[in-house]
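Data file: entry_39.txt. Format and content: compact mmCIF, C-alpha atoms and all ligand atoms.
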# COMPACT_ATOMS: atom_id res chain seq x y z
CA MET A 22 0.00 0.00 0.00
CA LYS A 23 0.92 3.61 -0.48
CA ILE A 24 0.50 5.12 2.98
CA LEU A 25 0.43 8.80 3.98
CA VAL A 26 1.05 9.82 7.60
CA VAL A 27 -0.17 13.30 8.57
CA GLY A 28 1.79 15.28 11.17
CA SER A 29 5.32 16.38 12.03
CA GLY A 30 6.03 15.41 15.63
CA GLY A 31 7.64 12.62 17.61
CA ARG A 32 4.35 10.72 17.50
CA GLU A 33 4.38 10.74 13.71
CA HIS A 34 8.03 9.66 13.57
CA ALA A 35 7.13 6.75 15.85
CA LEU A 36 4.13 5.87 13.64
CA CYS A 37 6.30 5.96 10.51
CA TRP A 38 8.88 3.76 12.27
CA ALA A 39 6.18 1.17 13.08
CA ILE A 40 4.45 1.39 9.68
CA ARG A 41 7.79 0.85 7.90
CA ARG A 42 8.08 -2.52 9.65
CA SER A 43 4.84 -3.71 8.05
CA PRO A 44 5.02 -5.88 4.92
CA LEU A 45 1.81 -4.12 3.83
CA CYS A 46 3.67 -0.82 3.37
CA ARG A 47 5.06 -0.43 -0.13
CA GLU A 48 5.56 3.33 -0.10
CA LEU A 49 5.49 5.78 2.81
CA LEU A 50 4.77 9.50 2.62
CA CYS A 51 4.53 12.03 5.45
CA ALA A 52 3.00 15.51 5.43
CA PRO A 53 4.79 17.62 6.49
CA GLY A 54 7.15 15.35 8.53
CA ASN A 55 10.56 16.31 9.93
CA ALA A 56 14.26 15.58 9.42
CA GLY A 57 14.08 12.21 11.17
CA ILE A 58 10.96 11.09 9.33
CA ALA A 59 12.75 11.91 6.05
CA ASP A 60 14.90 8.79 6.59
CA LEU A 61 11.75 6.61 6.46
CA ALA A 62 9.29 8.47 4.26
CA THR A 63 9.06 10.94 1.41
CA LEU A 64 8.18 14.33 2.90
CA VAL A 65 5.21 16.19 1.44
CA PRO A 66 5.22 19.95 2.13
CA ILE A 67 1.59 20.28 3.27
CA ALA A 68 0.77 21.27 6.86
CA ALA A 69 -1.39 18.94 8.95
CA GLU A 70 -4.21 21.52 9.17
CA GLU A 71 -4.45 22.05 5.39
CA VAL A 72 -7.12 19.40 5.09
CA ASP A 73 -8.35 20.23 1.59
CA ALA A 74 -4.81 20.28 0.21
CA LEU A 75 -4.14 16.92 1.88
CA VAL A 76 -7.26 15.37 0.34
CA ASP A 77 -6.32 16.71 -3.12
CA TYR A 78 -2.81 15.37 -2.72
CA ALA A 79 -3.96 11.94 -1.57
CA LYS A 80 -6.33 11.72 -4.54
CA ALA A 81 -3.76 12.88 -7.07
CA GLN A 82 -1.10 10.48 -5.75
CA ALA A 83 -3.51 7.53 -5.44
CA VAL A 84 -2.74 7.09 -1.76
CA ASP A 85 -4.31 3.87 -0.39
CA PHE A 86 -4.36 4.68 3.32
CA VAL A 87 -3.95 7.83 5.41
CA VAL A 88 -2.92 7.74 9.09
CA ILE A 89 -3.84 10.98 10.85
CA GLY A 90 -1.56 11.77 13.82
CA PRO A 91 -2.68 15.03 15.50
CA GLU A 92 -6.09 16.16 16.75
CA ALA A 93 -6.40 19.39 14.74
CA PRO A 94 -7.00 17.81 11.30
CA LEU A 95 -9.35 15.24 12.87
CA VAL A 96 -11.48 17.99 14.44
CA LEU A 97 -11.41 19.77 11.05
CA GLY A 98 -12.90 16.69 9.37
CA LEU A 99 -9.93 15.27 7.46
CA ALA A 100 -11.13 11.68 8.01
CA ASP A 101 -14.62 12.58 6.67
CA LYS A 102 -13.23 14.36 3.62
CA LEU A 103 -10.91 11.46 2.80
CA ALA A 104 -13.80 9.01 3.17
CA ALA A 105 -15.91 11.13 0.83
CA ALA A 106 -13.05 10.95 -1.68
CA GLY A 107 -12.98 7.16 -1.35
CA ILE A 108 -9.69 7.05 0.58
CA LYS A 109 -9.33 4.93 3.69
CA ALA A 110 -8.15 6.85 6.75
CA PHE A 111 -7.26 5.93 10.30
CA GLY A 112 -8.74 8.39 12.78
CA PRO A 113 -12.22 9.44 13.93
CA SER A 114 -14.74 11.56 12.03
CA ALA A 115 -15.14 15.20 13.03
CA ALA A 116 -18.34 14.27 14.89
CA ALA A 117 -16.47 11.66 16.94
CA ALA A 118 -13.38 13.88 17.39
CA GLU A 119 -15.61 16.23 19.39
CA LEU A 120 -14.59 14.04 22.33
CA GLU A 121 -11.34 16.02 22.28
CA GLY A 122 -12.51 19.11 20.40
CA SER A 123 -15.09 20.08 23.03
CA LYS A 124 -14.49 19.29 26.68
CA GLY A 125 -18.14 20.18 27.42
CA PHE A 126 -19.34 17.64 24.85
CA MET A 127 -16.97 15.03 26.29
CA LYS A 128 -18.18 15.64 29.85
CA ASP A 129 -21.83 15.38 28.77
CA ILE A 130 -21.11 12.03 27.08
CA LEU A 131 -19.37 10.75 30.21
CA ALA A 132 -22.28 11.86 32.39
CA LYS A 133 -24.93 10.41 30.07
CA TYR A 134 -23.23 7.01 29.79
CA GLY A 135 -22.10 6.71 33.41
CA VAL A 136 -18.33 7.01 33.04
CA PRO A 137 -16.62 7.94 36.35
CA THR A 138 -15.24 11.48 36.09
CA ALA A 139 -15.00 14.78 38.01
CA ALA A 140 -18.28 16.62 38.73
CA TYR A 141 -18.54 19.65 36.43
CA GLY A 142 -20.44 22.61 35.05
CA ARG A 143 -20.46 24.10 31.52
CA PHE A 144 -20.51 27.89 31.17
CA THR A 145 -20.82 30.44 28.38
CA ASP A 146 -21.23 33.27 30.89
CA ALA A 147 -18.30 34.45 33.04
CA GLU A 148 -20.43 35.54 35.99
CA ALA A 149 -22.21 32.18 36.12
CA ALA A 150 -18.83 30.38 36.04
CA LYS A 151 -17.58 32.58 38.89
CA ALA A 152 -20.69 31.98 40.99
CA PHE A 153 -20.20 28.22 40.53
CA ILE A 154 -16.54 28.54 41.60
CA ARG A 155 -17.46 30.56 44.71
CA ALA A 156 -20.13 28.03 45.62
CA LYS A 157 -17.83 25.00 45.19
CA GLY A 158 -14.61 26.46 46.66
CA ALA A 159 -11.01 25.45 45.91
CA PRO A 160 -9.14 23.46 44.78
CA ILE A 161 -11.04 23.54 41.50
CA VAL A 162 -10.17 23.18 37.82
CA VAL A 163 -11.00 25.61 35.00
CA LYS A 164 -10.73 24.48 31.35
CA THR A 165 -11.42 26.01 27.96
CA ASP A 166 -14.04 24.04 26.05
CA GLY A 167 -12.05 24.06 22.80
CA LEU A 168 -8.55 23.02 21.76
CA ALA A 169 -5.80 25.14 23.31
CA ALA A 170 -2.68 23.07 22.51
CA GLY A 171 -2.83 21.45 25.93
CA LYS A 172 -2.59 24.81 27.71
CA GLY A 173 -6.24 25.63 28.38
CA VAL A 174 -6.34 24.05 31.85
CA VAL A 175 -5.81 25.82 35.18
CA VAL A 176 -5.69 23.67 38.30
CA ALA A 177 -6.51 26.38 40.85
CA MET A 178 -5.54 25.92 44.47
CA THR A 179 -7.49 29.04 45.53
CA VAL A 180 -10.83 30.57 44.53
CA ASP A 181 -9.04 33.77 43.42
CA GLU A 182 -6.81 31.79 41.07
CA ALA A 183 -9.87 30.12 39.55
CA LEU A 184 -11.67 33.46 39.14
CA ALA A 185 -8.56 34.88 37.44
CA ALA A 186 -8.53 31.88 35.08
CA VAL A 187 -12.11 32.66 34.02
CA ASP A 188 -11.09 36.25 33.21
CA MET A 189 -8.01 35.09 31.32
CA MET A 190 -9.84 32.46 29.24
CA MET A 191 -13.20 34.14 28.71
CA GLY A 192 -12.45 37.84 29.21
CA ASP A 193 -8.97 38.26 27.69
CA LYS A 194 -9.56 35.39 25.22
CA VAL A 195 -5.98 34.21 25.67
CA PHE A 196 -6.96 31.00 23.83
CA GLY A 197 -9.26 32.71 21.33
CA ALA A 198 -12.61 31.09 20.60
CA ALA A 199 -11.56 27.98 22.57
CA GLY A 200 -12.48 30.04 25.66
CA ASP A 201 -16.00 31.03 24.51
CA GLU A 202 -17.21 28.22 26.71
CA LEU A 203 -15.60 26.89 29.90
CA VAL A 204 -15.81 23.69 31.88
CA VAL A 205 -15.31 24.09 35.61
CA GLU A 206 -14.76 20.83 37.44
CA GLU A 207 -13.99 19.15 40.70
CA PHE A 208 -10.30 18.67 41.56
CA LEU A 209 -9.26 15.01 41.53
CA ALA A 210 -6.30 13.74 43.53
CA GLY A 211 -4.30 10.65 42.62
CA GLU A 212 -1.75 9.39 40.11
CA GLU A 213 -2.17 10.10 36.39
CA ALA A 214 -1.74 7.59 33.60
CA SER A 215 -2.45 7.41 29.87
CA PHE A 216 -4.46 4.44 28.61
CA PHE A 217 -4.92 3.63 24.93
CA ALA A 218 -7.51 1.56 23.10
CA ILE A 219 -8.10 0.96 19.40
CA VAL A 220 -11.72 1.15 18.29
CA ASP A 221 -13.60 0.16 15.11
CA GLY A 222 -16.92 1.85 15.84
CA GLU A 223 -18.21 -1.04 17.93
CA THR A 224 -15.36 -3.15 19.27
CA ALA A 225 -12.58 -1.69 21.43
CA LEU A 226 -9.31 -3.51 22.10
CA PRO A 227 -7.04 -2.35 24.89
CA LEU A 228 -3.59 -1.35 23.66
CA ALA A 229 -1.31 -0.43 26.54
CA ALA A 230 -0.84 2.11 29.29
CA ALA A 231 1.96 4.63 29.65
CA GLN A 232 2.89 7.36 32.04
CA ASP A 233 3.82 10.83 30.80
CA HIS A 234 5.75 13.56 32.65
CA LYS A 235 3.83 16.78 32.02
CA ARG A 236 5.84 19.29 34.05
CA VAL A 237 8.98 20.78 32.56
CA GLY A 238 11.27 20.29 35.57
CA ASP A 239 12.75 17.39 37.52
CA GLY A 240 10.58 16.19 40.40
CA ASP A 241 7.46 17.27 38.45
CA THR A 242 8.02 20.99 39.01
CA GLY A 243 7.48 24.05 36.80
CA PRO A 244 4.91 24.72 34.10
CA ASN A 245 2.95 22.11 32.15
CA THR A 246 4.26 20.98 28.77
CA GLY A 247 3.07 18.66 26.03
CA GLY A 248 5.05 15.91 27.79
CA MET A 249 8.75 15.65 28.67
CA GLY A 250 9.08 11.88 28.69
CA ALA A 251 7.15 8.66 29.11
CA TYR A 252 7.47 4.97 29.74
CA SER A 253 5.35 1.89 29.16
CA PRO A 254 4.05 -0.28 30.68
CA ALA A 255 2.91 1.89 33.60
CA PRO A 256 3.00 -0.17 36.82
CA VAL A 257 0.20 2.00 38.30
CA VAL A 258 -2.17 0.56 35.67
CA THR A 259 -2.42 -2.99 36.99
CA ALA A 260 -4.32 -5.65 35.05
CA GLU A 261 -7.24 -5.05 37.40
CA ILE A 262 -7.26 -1.30 36.75
CA ALA A 263 -6.94 -1.84 33.00
CA ALA A 264 -10.00 -4.10 33.13
CA LYS A 265 -11.92 -1.42 35.06
CA VAL A 266 -10.93 1.23 32.53
CA MET A 267 -12.22 -0.93 29.68
CA GLU A 268 -15.45 -1.81 31.48
CA HIS A 269 -16.30 1.52 33.11
CA CYS A 270 -14.77 4.05 30.70
CA ILE A 271 -13.87 2.84 27.19
CA LEU A 272 -16.74 0.43 26.43
CA PRO A 273 -19.58 2.67 27.69
CA THR A 274 -18.08 5.55 25.71
CA VAL A 275 -17.81 3.49 22.53
CA ARG A 276 -21.40 2.25 22.90
CA GLY A 277 -22.56 5.76 23.77
CA MET A 278 -20.87 7.35 20.76
CA ALA A 279 -22.47 4.74 18.49
CA ALA A 280 -25.88 5.45 20.08
CA GLU A 281 -25.34 9.18 19.49
CA GLY A 282 -24.81 8.50 15.78
CA ARG A 283 -21.11 9.36 16.10
CA PRO A 284 -19.44 5.94 15.97
CA TYR A 285 -15.85 6.18 17.15
CA LYS A 286 -13.06 4.74 15.02
CA GLY A 287 -9.37 5.19 15.72
CA VAL A 288 -7.25 5.40 18.82
CA LEU A 289 -9.00 6.48 21.98
CA PHE A 290 -6.60 7.93 24.56
CA ALA A 291 -8.00 8.04 28.09
CA GLY A 292 -6.26 10.41 30.47
CA LEU A 293 -6.83 8.80 33.87
CA MET A 294 -6.57 9.83 37.50
CA ILE A 295 -6.16 6.76 39.72
CA GLU A 296 -6.77 6.90 43.46
CA ASP A 297 -7.06 3.91 45.78
CA GLY A 298 -7.29 1.53 42.82
CA GLU A 299 -10.21 3.43 41.23
CA PRO A 300 -9.66 5.06 37.83
CA LYS A 301 -11.54 8.22 36.88
CA LEU A 302 -11.53 9.77 33.46
CA LEU A 303 -9.86 13.21 33.25
CA GLU A 304 -10.17 13.60 29.51
CA TYR A 305 -10.27 11.84 26.18
CA ASN A 306 -7.92 12.50 23.30
CA VAL A 307 -8.79 11.18 19.86
CA ARG A 308 -5.26 10.19 18.86
CA PHE A 309 -2.08 8.67 20.24
CA GLY A 310 -0.30 10.68 22.93
CA ASP A 311 2.99 12.38 22.25
CA PRO A 312 5.45 11.17 23.67
CA GLU A 313 3.43 8.09 24.76
CA CYS A 314 3.22 6.88 21.14
CA GLN A 315 7.01 6.62 20.99
CA VAL A 316 7.15 4.03 23.78
CA LEU A 317 4.06 2.17 22.53
CA MET A 318 5.58 1.80 19.06
CA ALA A 319 8.86 0.60 20.62
CA ARG A 320 6.91 -2.20 22.34
CA LEU A 321 4.28 -3.10 19.73
CA ASP A 322 4.74 -6.57 18.27
CA THR A 323 1.65 -6.63 16.03
CA ASP A 324 1.56 -5.30 12.46
CA ILE A 325 0.23 -1.77 13.03
CA VAL A 326 -0.99 -1.35 9.46
CA GLU A 327 -3.06 -4.52 9.65
CA LEU A 328 -4.44 -3.40 13.02
CA MET A 329 -5.36 0.08 11.79
CA LEU A 330 -7.00 -1.31 8.66
CA ALA A 331 -9.04 -3.68 10.82
CA ALA A 332 -10.20 -0.69 12.89
CA CYS A 333 -11.21 1.17 9.73
CA ASP A 334 -13.13 -1.81 8.37
CA GLY A 335 -14.92 -2.77 11.60
CA ARG A 336 -12.94 -6.02 11.90
CA LEU A 337 -11.35 -5.71 15.36
CA SER A 338 -13.60 -8.26 17.03
CA GLY A 339 -11.70 -11.39 18.05
CA ARG A 340 -8.28 -9.87 17.44
CA THR A 341 -5.45 -9.57 19.94
CA VAL A 342 -2.55 -7.16 20.09
CA SER A 343 0.85 -8.39 21.22
CA TRP A 344 3.65 -6.51 22.92
CA LYS A 345 7.32 -7.18 23.40
CA PRO A 346 8.03 -8.01 27.03
CA ASP A 347 10.67 -5.32 27.51
CA PRO A 348 9.64 -1.91 28.82
CA ALA A 349 10.37 1.24 26.83
CA LEU A 350 11.18 4.77 27.96
CA VAL A 351 11.49 8.05 26.05
CA VAL A 352 13.35 11.19 27.16
CA VAL A 353 12.22 14.34 25.36
CA MET A 354 14.89 16.90 24.52
CA ALA A 355 13.44 20.40 24.19
CA ALA A 356 14.77 23.79 23.14
CA ARG A 357 15.85 25.91 26.10
CA GLY A 358 13.00 28.19 27.13
CA TYR A 359 10.25 25.66 26.28
CA PRO A 360 7.31 25.73 27.14
CA GLY A 361 7.88 29.51 26.97
CA SER A 362 9.64 31.17 24.04
CA TYR A 363 12.66 29.44 22.54
CA ALA A 364 15.06 29.73 19.60
CA LYS A 365 14.73 27.74 16.37
CA GLY A 366 17.50 26.81 13.96
CA THR A 367 20.16 25.70 16.48
CA VAL A 368 22.39 22.88 15.21
CA ILE A 369 22.17 19.37 16.68
CA ASP A 370 25.14 16.96 16.45
CA GLY A 371 25.89 13.47 17.70
CA LEU A 372 22.58 11.90 16.59
CA ASP A 373 24.29 8.90 14.94
CA GLN A 374 26.42 8.21 18.02
CA ALA A 375 23.30 8.44 20.19
CA GLY A 376 21.39 6.04 17.95
CA ALA A 377 24.27 3.53 18.21
CA VAL A 378 23.58 2.89 21.93
CA PRO A 379 22.03 -0.62 22.16
CA GLY A 380 18.22 -0.52 22.28
CA VAL A 381 18.06 3.19 21.42
CA THR A 382 16.19 4.92 18.60
CA VAL A 383 16.34 8.70 18.36
CA LEU A 384 12.93 9.89 17.19
CA HIS A 385 12.61 13.45 15.94
CA ALA A 386 9.84 15.74 17.17
CA GLY A 387 10.69 19.20 15.84
CA THR A 388 13.62 19.16 13.43
CA ARG A 389 14.45 20.05 9.86
CA ARG A 390 17.56 20.08 7.66
CA ASP A 391 19.13 23.48 7.00
CA ALA A 392 20.64 24.59 3.66
CA GLU A 393 23.89 22.81 4.55
CA GLY A 394 22.11 19.57 5.36
CA ARG A 395 22.57 19.83 9.12
CA VAL A 396 19.79 18.79 11.50
CA VAL A 397 18.49 21.90 13.30
CA ALA A 398 15.83 22.46 15.96
CA ASN A 399 12.45 23.49 14.58
CA GLY A 400 10.10 23.43 17.56
CA GLY A 401 9.81 23.35 21.35
CA ARG A 402 10.00 19.60 21.80
CA VAL A 403 12.77 18.58 19.42
CA LEU A 404 13.87 14.96 20.00
CA GLY A 405 12.50 11.85 21.71
CA VAL A 406 15.36 9.59 22.72
CA THR A 407 13.60 6.21 22.96
CA ALA A 408 15.11 3.10 24.55
CA VAL A 409 14.04 -0.44 25.37
CA GLY A 410 15.69 -2.52 28.08
CA ALA A 411 15.13 -5.62 30.18
CA THR A 412 13.92 -3.31 32.98
CA VAL A 413 12.75 0.31 33.19
CA ALA A 414 16.08 1.05 34.89
CA GLU A 415 18.01 -0.36 31.93
CA ALA A 416 15.85 1.49 29.40
CA GLN A 417 16.40 4.69 31.39
CA ALA A 418 20.18 4.19 31.60
CA ARG A 419 20.36 3.57 27.85
CA ALA A 420 18.22 6.60 27.01
CA TYR A 421 20.38 8.92 29.12
CA GLN A 422 23.59 7.39 27.72
CA ALA A 423 22.28 8.34 24.29
CA VAL A 424 21.17 11.80 25.47
CA ASP A 425 24.72 12.41 26.70
CA ARG A 426 26.09 11.67 23.23
CA ILE A 427 23.93 14.38 21.65
CA ARG A 428 25.75 17.68 21.23
CA TRP A 429 23.15 20.42 21.39
CA PRO A 430 24.03 23.20 23.83
CA GLU A 431 20.69 24.98 23.26
CA GLY A 432 18.69 21.90 24.33
CA PHE A 433 17.72 20.41 27.68
CA CYS A 434 15.85 17.45 29.13
CA ARG A 435 14.57 16.16 32.45
CA ARG A 436 16.99 13.76 34.16
CA ASP A 437 14.37 11.80 36.10
CA ILE A 438 12.07 10.28 33.46
CA GLY A 439 10.63 7.04 34.83
CA TRP A 440 11.05 7.92 38.51
CA ARG A 441 7.61 6.66 39.53
CA ALA A 442 8.34 3.22 38.07
CA LEU A 443 11.76 3.06 39.72
CA GLY A 444 10.82 4.26 43.22
P1 LIG B 1 -6.23 17.94 30.56
O1 LIG B 1 -5.78 18.75 29.36
O2 LIG B 1 -7.69 17.95 30.80
O3 LIG B 1 -5.59 16.57 30.62
O4 LIG B 1 -5.57 18.66 31.81
C1 LIG B 1 -4.17 18.89 31.88
C2 LIG B 1 -3.67 18.47 33.21
O5 LIG B 1 -4.37 19.16 34.24
C3 LIG B 1 -3.92 17.00 33.51
O6 LIG B 1 -2.91 16.20 32.99
C4 LIG B 1 -3.95 17.00 35.01
O7 LIG B 1 -2.62 17.00 35.52
C5 LIG B 1 -4.58 18.31 35.34
N1 LIG B 1 -6.03 18.15 35.57
C6 LIG B 1 -7.01 18.24 34.65
N2 LIG B 1 -8.22 18.04 35.22
C7 LIG B 1 -8.00 17.83 36.53
C8 LIG B 1 -8.85 17.55 37.64
N3 LIG B 1 -10.18 17.50 37.51
N4 LIG B 1 -8.27 17.37 38.85
C9 LIG B 1 -6.93 17.46 38.99
N5 LIG B 1 -6.08 17.71 37.99
C10 LIG B 1 -6.59 17.90 36.76
N1 LIG B 2 1.31 13.55 26.16
C1 LIG B 2 -0.01 14.00 26.30
C2 LIG B 2 -0.69 14.26 25.02
O1 LIG B 2 -0.29 13.82 23.98
O2 LIG B 2 -1.72 14.92 25.04

Could I get this file's structure written as structure tokens?
Amino acid sequence: MKILVVGSGGREHALCWAIRRSPLCRELLCAPGNAGIADLATLVPIAAEEVDALVDYAKAQAVDFVVIGPEAPLVLGLADKLAAAGIKAFGPSAAAAELEGSKGFMKDILAKYGVPTAAYGRFTDAEAAKAFIRAKGAPIVVKTDGLAAGKGVVVAMTVDEALAAVDMMMGDKVFGAAGDELVVEEFLAGEEASFFAIVDGETALPLAAAQDHKRVGDGDTGPNTGGMGAYSPAPVVTAEIAAKVMEHCILPTVRGMAAEGRPYKGVLFAGLMIEDGEPKLLEYNVRFGDPECQVLMARLDTDIVELMLAACDGRLSGRTVSWKPDPALVVVMAARGYPGSYAKGTVIDGLDQAGAVPGVTVLHAGTRRDAEGRVVANGGRVLGVTAVGATVAEAQARAYQAVDRIRWPEGFCRRDIGWRALG
């Protein structure tokens, strides 16, 4: 098959890496991709959000199968438009992608179908949101309804902080139209984990769990980021908890979405909060996590193309997914200043030496080649140094050995990725 992957991050490099292993893949394209992906796929200079241009391209090039990485094109209806053009695509329809595109919609689905989650209110009026906050007290969580690149969430420890968040999101419109509506919800304590399932509209198969490190600094300090590192499996998600997540969260949601006339197909990413052995659903994402995808693809032992095609065609029932026994861990290297402002274009050396460490694959997240052919930084999160090992400790040691071979003075990483699994 001629396969097109849409996106340019570490997740898409990991997907290309896994797709390349499939005997079903004859030719691989990636739009727009990055410098690392260029070693596996032909880069197509179309941005992930240019959905009409992507559909035209896929038609003109007779692409057989499109794998959509990020949420933005899914919410914009890329999967629907490809389907209308007769092209198979992996990823939910726009109607189903509302699970990530609108937190209010997601919460209403959870409430209607009995999925355990934080109590909440939806607001289009700032004064009503503030009255709710004053009535409930702190800690409390304020979220934009729409997509805000992972930044539209304020976990407020005081009422004043929560009121200020309402002004920032709804008054100052810091996240634009995403803040036209807010969700205000109960604060949940516990340990977070990411759980992934693959869904064909009716049947959901559990994939695996992973744990991300959202804060920028060691010891989980500093501002939130897109994710500074991850590992899989996540010991906090025991077999018993995974079974509860399938039974109480994933399956009711899949049945509910079908009943709503929005059948869900693709990867369903459940952001969980686990306390005393009980998982609650923080949020859904309609795609693989980044950097969680990097460790899942390092462990996956099933042909991903075959699996994704089965999801598209409603043929998941009765299938199983197999995983390599060894754990995987990814350390994200970011440009200094991230998640605030940072420089682009700084030169990165030592990638080949890093990739020569046993068990290590250096996945690119935000890179490009400059005019002289050098790999340069082209984003906030720039590399995902991914390692497998017999234990999490070995995977971690290998990943940091590789990190230390990378010569990039303008970059940084956390030094404690995996700490919860090693404690
Ligand atoms: P979200 O984008 O909804 O995953 O929120 C981003 C982060 O905010 C999550 O990863 C959690 O760390 C935190 N968070 C979101 N909702 C809650 C909640 N109800 N209680 C506690 N923390 C939360
Ligand atoms: N790593 C979290 C996310 O992809 O949203």

Long-range neighbours of range 113-125 of chain A as a compact mmCIF listing (two decimals) with C-alpha atoms, in the coordinates of the input, 6 Å cut-off, all atoms listed in the file, 2 positions minimum in chain:
# COMPACT_ATOMS: atom_id res chain seq x y z
CA LEU A 95 -9.35 15.24 12.87
CA VAL A 96 -11.48 17.99 14.44
CA GLY A 98 -12.90 16.69 9.37
CA ALA A 100 -11.13 11.68 8.01
CA ASP A 101 -14.62 12.58 6.67
CA MET A 127 -16.97 15.03 26.29
CA LYS A 128 -18.18 15.64 29.85
CA ASP A 166 -14.04 24.04 26.05
CA GLY A 167 -12.05 24.06 22.80
CA LEU A 168 -8.55 23.02 21.76
CA ARG A 283 -21.11 9.36 16.10
CA TYR A 285 -15.85 6.18 17.15
CA LYS A 286 -13.06 4.74 15.02
CA GLY A 287 -9.37 5.19 15.72
CA TYR A 305 -10.27 11.84 26.18
CA ASN A 306 -7.92 12.50 23.30
CA VAL A 307 -8.79 11.18 19.86

Open item on the list: Distance limit 12 Å, reference ligand LIG 2 (chain B), atoms considered: all atoms listed in the file. Which residues make the cut? Give them as JSON, numbers by chain.
Closed with: {"A": [30, 31, 32, 33, 90, 91, 92, 121, 168, 169, 170, 171, 172, 213, 214, 215, 216, 217, 231, 232, 233, 234, 235, 236, 245, 246, 247, 248, 249, 250, 251, 252, 289, 290, 291, 292, 293, 303, 304, 305, 306, 307, 308, 309, 310, 311, 312, 313, 314, 315, 316, 351, 353, 402]}

Based on the selection just made, write C-alpha atoms of those residues as a CSV table (one decimal), in the coordinates of the input.
chain,number,residue,atom,x,y,z
A,30,GLY,CA,6.0,15.4,15.6
A,31,GLY,CA,7.6,12.6,17.6
A,32,ARG,CA,4.4,10.7,17.5
A,33,GLU,CA,4.4,10.7,13.7
A,90,GLY,CA,-1.6,11.8,13.8
A,91,PRO,CA,-2.7,15.0,15.5
A,92,GLU,CA,-6.1,16.2,16.8
A,121,GLU,CA,-11.3,16.0,22.3
A,168,LEU,CA,-8.6,23.0,21.8
A,169,ALA,CA,-5.8,25.1,23.3
A,170,ALA,CA,-2.7,23.1,22.5
A,171,GLY,CA,-2.8,21.4,25.9
A,172,LYS,CA,-2.6,24.8,27.7
A,213,GLU,CA,-2.2,10.1,36.4
A,214,ALA,CA,-1.7,7.6,33.6
A,215,SER,CA,-2.4,7.4,29.9
A,216,PHE,CA,-4.5,4.4,28.6
A,217,PHE,CA,-4.9,3.6,24.9
A,231,ALA,CA,2.0,4.6,29.6
A,232,GLN,CA,2.9,7.4,32.0
A,233,ASP,CA,3.8,10.8,30.8
A,234,HIS,CA,5.8,13.6,32.6
A,235,LYS,CA,3.8,16.8,32.0
A,236,ARG,CA,5.8,19.3,34.0
A,245,ASN,CA,3.0,22.1,32.2
A,246,THR,CA,4.3,21.0,28.8
A,247,GLY,CA,3.1,18.7,26.0
A,248,GLY,CA,5.0,15.9,27.8
A,249,MET,CA,8.8,15.6,28.7
A,250,GLY,CA,9.1,11.9,28.7
A,251,ALA,CA,7.2,8.7,29.1
A,252,TYR,CA,7.5,5.0,29.7
A,289,LEU,CA,-9.0,6.5,22.0
A,290,PHE,CA,-6.6,7.9,24.6
A,291,ALA,CA,-8.0,8.0,28.1
A,292,GLY,CA,-6.3,10.4,30.5
A,293,LEU,CA,-6.8,8.8,33.9
A,303,LEU,CA,-9.9,13.2,33.2
A,304,GLU,CA,-10.2,13.6,29.5
A,305,TYR,CA,-10.3,11.8,26.2
A,306,ASN,CA,-7.9,12.5,23.3
A,307,VAL,CA,-8.8,11.2,19.9
A,308,ARG,CA,-5.3,10.2,18.9
A,309,PHE,CA,-2.1,8.7,20.2
A,310,GLY,CA,-0.3,10.7,22.9
A,311,ASP,CA,3.0,12.4,22.2
A,312,PRO,CA,5.4,11.2,23.7
A,313,GLU,CA,3.4,8.1,24.8
A,314,CYS,CA,3.2,6.9,21.1
A,315,GLN,CA,7.0,6.6,21.0
A,316,VAL,CA,7.2,4.0,23.8
A,351,VAL,CA,11.5,8.0,26.0
A,353,VAL,CA,12.2,14.3,25.4
A,402,ARG,CA,10.0,19.6,21.8

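Residues in contact with range 80-87 of chain A at 9 Å, where only C-alpha atoms are counted and same-chain residues fewer than 5 positions away are skipped, are listed as Met22, Lys23, Ile24, Leu25, Val26, Val27, Leu75, Ala100, Leu103, Ala106, Gly107, Ile108, Lys109, Ala110, Phe111, Gly112 and Leu330 of chain A.
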
Open item on the list: Measuring between all atoms listed in the file, which one of A:Asp391, A:Glu206, A:Asp239, A:Glu281 shows the shortest distance to ligand LIG 1 (chain B)?
Closed with: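 Counting all atoms listed in the file, the residue closest to ligand LIG 1 (chain B) is A:Glu206.
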
Task: Given all atoms listed in the file as the counted atoms, nearest of A:Gly54, A:Tyr141, A:Lys151, A:Val174 to ligand LIG 1 (chain B) - done: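 Checking each of A:Gly54, A:Tyr141, A:Lys151, A:Val174 against ligand LIG 1 (chain B), counting all atoms listed in the file, the winner is A:Val174.
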
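You will find CA of Ala199 in chain A at 15.2 Å from atom O3 of ligand LIG 1 (chain B).
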
- [ ] Would you please work out which residue, of A:Pro44, A:Gly405, A:Gly380, A:Pro244, is nearest to ligand LIG 1 (chain B) when using all atoms listed in the file?
- [x] A:Pro244

Task: Selected residue, from A:Glu296, A:Glu202, A:Glu148, A:Asp77, that lies nearest to ligand LIG 1 (chain B) when counting only C-alpha atoms and all ligand atoms - done: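 Of the candidates, the smallest distance to ligand LIG 1 (chain B) is held by A:Glu296.
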
Open item on the list: When you count all atoms listed in the file, which of these residues is closest to Met178 in chain A: A:Gly410, A:Val162, A:Arg336, A:Met190?
Closed with: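 For Met178 in chain A, the nearest of the candidates is A:Val162.
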
- [ ] Can you work out which one of A:Val326, A:Leu404, A:Ile161, A:Ala225 has the shortest atom-to-atom distance to ligand LIG 1 (chain B), counting all atoms listed in the file?
- [x] A:Ile161
